[in-house]
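protein.pdb (PDB, C-alpha atoms)
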```pdb
ATOM      1  CA  MET X  72       3.729  -0.937 -15.756
ATOM      2  CA  ASP X  73       3.692   1.016 -18.998
ATOM      3  CA  ASN X  74       4.204   4.756 -19.277
ATOM      4  CA  GLU X  75       0.518   5.553 -19.764
ATOM      5  CA  ALA X  76      -0.527   3.679 -16.616
ATOM      6  CA  LYS X  77       2.239   5.286 -14.545
ATOM      7  CA  THR X  78       1.250   8.730 -15.805
ATOM      8  CA  ARG X  79      -2.371   8.089 -14.856
ATOM      9  CA  GLU X  80      -1.350   6.797 -11.416
ATOM     10  CA  ASN X  81       0.682   9.972 -10.829
ATOM     11  CA  LEU X  82      -2.286  12.091 -11.933
ATOM     12  CA  VAL X  83      -4.551  10.403  -9.377
ATOM     13  CA  ARG X  84      -1.812  10.675  -6.733
ATOM     14  CA  ARG X  85      -1.524  14.460  -7.279
ATOM     15  CA  MET X  86      -5.310  14.865  -7.386
ATOM     16  CA  LEU X  87      -5.620  13.179  -3.991
ATOM     17  CA  ALA X  88      -2.676  15.102  -2.535
ATOM     18  CA  ARG X  89      -4.496  18.367  -3.304
ATOM     19  CA  GLN X  90      -7.445  17.004  -1.317
ATOM     20  CA  GLY X  91      -5.224  16.012   1.619
ATOM     21  CA  TYR X  92      -5.095  12.258   0.902
ATOM     22  CA  LYS X  93      -2.287   9.859   0.038
ATOM     23  CA  LEU X  94      -2.462   7.140  -2.639
ATOM     24  CA  SER X  95      -0.434   3.986  -2.033
ATOM     25  CA  LYS X  96      -0.099   0.819  -4.071
ATOM     26  CA  SER X  97       0.363  -2.547  -2.415
ATOM     27  CA  ARG X  98       4.007  -3.618  -2.394
ATOM     28  CA  ARG X  99       3.143  -7.310  -2.547
ATOM     29  CA  ARG X 100       5.036  -9.201  -5.234
ATOM     30  CA  ASP X 101       3.079 -12.444  -4.989
ATOM     31  CA  PRO X 102       0.122 -12.430  -7.424
ATOM     32  CA  ARG X 103      -1.672 -14.950  -5.188
ATOM     33  CA  ALA X 104      -1.699 -12.534  -2.224
ATOM     34  CA  LEU X 105      -5.087 -10.981  -1.438
ATOM     35  CA  ASP X 106      -3.816  -7.399  -1.599
ATOM     36  CA  TYR X 107      -1.633  -7.781  -4.708
ATOM     37  CA  GLY X 108      -2.126  -4.834  -7.082
ATOM     38  CA  ARG X 109      -4.579  -3.042  -4.792
ATOM     39  CA  TYR X 110      -4.592   0.669  -3.996
ATOM     40  CA  THR X 111      -5.108   2.407  -0.665
ATOM     41  CA  ILE X 112      -6.178   5.976  -0.024
ATOM     42  CA  SER X 113      -5.351   7.254   3.437
ATOM     43  CA  ARG X 114      -5.598  10.397   5.518
ATOM     44  CA  GLY X 115      -4.456  10.179   9.107
ATOM     45  CA  ALA X 116      -6.027   7.102  10.678
ATOM     46  CA  VAL X 117      -8.657   6.726   7.934
ATOM     47  CA  THR X 118      -7.833   4.160   5.250
ATOM     48  CA  MET X 119      -9.891   3.032   2.264
ATOM     49  CA  ASN X 120      -8.964   0.086   0.044
ATOM     50  CA  PHE X 121      -9.711  -0.132  -3.666
ATOM     51  CA  ALA X 122      -9.313  -3.063  -6.040
ATOM     52  CA  SER X 123      -8.082  -0.957  -8.953
ATOM     53  CA  LEU X 124      -6.775   2.428  -9.970
ATOM     54  CA  ASP X 125     -10.099   3.003 -11.759
ATOM     55  CA  GLU X 126     -11.999   2.769  -8.467
ATOM     56  CA  ALA X 127      -9.512   5.014  -6.660
ATOM     57  CA  GLU X 128      -9.713   7.589  -9.460
ATOM     58  CA  GLN X 129     -13.501   7.533  -9.423
ATOM     59  CA  TRP X 130     -13.476   8.153  -5.658
ATOM     60  CA  ALA X 131     -10.956  11.009  -6.046
ATOM     61  CA  ARG X 132     -12.963  12.650  -8.828
ATOM     62  CA  ALA X 133     -16.152  12.568  -6.735
ATOM     63  CA  GLY X 134     -14.652  15.332  -4.606
ATOM     64  CA  ARG X 135     -14.985  16.023  -0.932
ATOM     65  CA  TYR X 136     -18.409  17.672  -1.211
ATOM     66  CA  ALA X 137     -19.949  14.597  -2.832
ATOM     67  CA  ARG X 138     -18.432  12.364  -0.155
ATOM     68  CA  ARG X 139     -19.854  14.519   2.629
ATOM     69  CA  GLY X 140     -23.325  14.540   1.143
ATOM     70  CA  GLY X 141     -23.115  18.120  -0.120
ATOM     71  CA  GLN X 142     -22.007  19.722   3.153
ATOM     72  CA  SER X 143     -19.075  22.125   3.269
TER      73      SER X 143
END
```
Could you write out this file's structure as structure tokens?
Amino acid sequence: MDNEAKTRENLVRRMLARQGYKLSKSRRRDPRALDYGRYTISRGAVTMNFASLDEAEQWARAGRYARRGGQS
């Protein structure tokens, strides 16, 4: 992973931490594995899987109000 990608991953990780979530990357080393290179956002027992950092970042940038349908 190059420096730019790692920096962006850390940015998304901090963004989610401020919202109370945790970003994890699959630890699989086999490129043929189904979850290789995937990201997971979790909070307690709730877990959401994303195929790329782009998708995880888009979800994080939507914010909690957008995810709740505008409710506070």
Find the residues around stretch 88-98 of chain X up to 8 Å (all atoms listed in the file counted), leave out those fewer than 5 positions away in its own chain, and share them as a short mmCIF file (atom, residue, chain, number, x, y, z; two decimals) with C-alpha atoms, in the coordinates of the input.
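That gives us out31.cif:
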```
data_model
loop_
_atom_site.label_atom_id
_atom_site.label_comp_id
_atom_site.auth_asym_id
_atom_site.auth_seq_id
_atom_site.Cartn_x
_atom_site.Cartn_y
_atom_site.Cartn_z
CA VAL X 83 -4.55 10.40 -9.38
CA ASP X 106 -3.82 -7.40 -1.60
CA TYR X 107 -1.63 -7.78 -4.71
CA GLY X 108 -2.13 -4.83 -7.08
CA ARG X 109 -4.58 -3.04 -4.79
CA TYR X 110 -4.59 0.67 -4.00
CA THR X 111 -5.11 2.41 -0.66
CA ILE X 112 -6.18 5.98 -0.02
CA SER X 113 -5.35 7.25 3.44
CA ARG X 114 -5.60 10.40 5.52
CA ARG X 135 -14.98 16.02 -0.93
#
```
Item to check | Atomic distance atom CA of X:Arg85 - atom CA of X:Ala116, expressed in Å with one decimal | outcome: 19.9 Å
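Reported to one decimal place, the separation of atom CA of X:Ala104 from atom CA of X:Ala131 is 25.6 Å.
For the pair atom CA of X:Asn81 and atom CA of X:Gly115, the separation is 20.6 Å.
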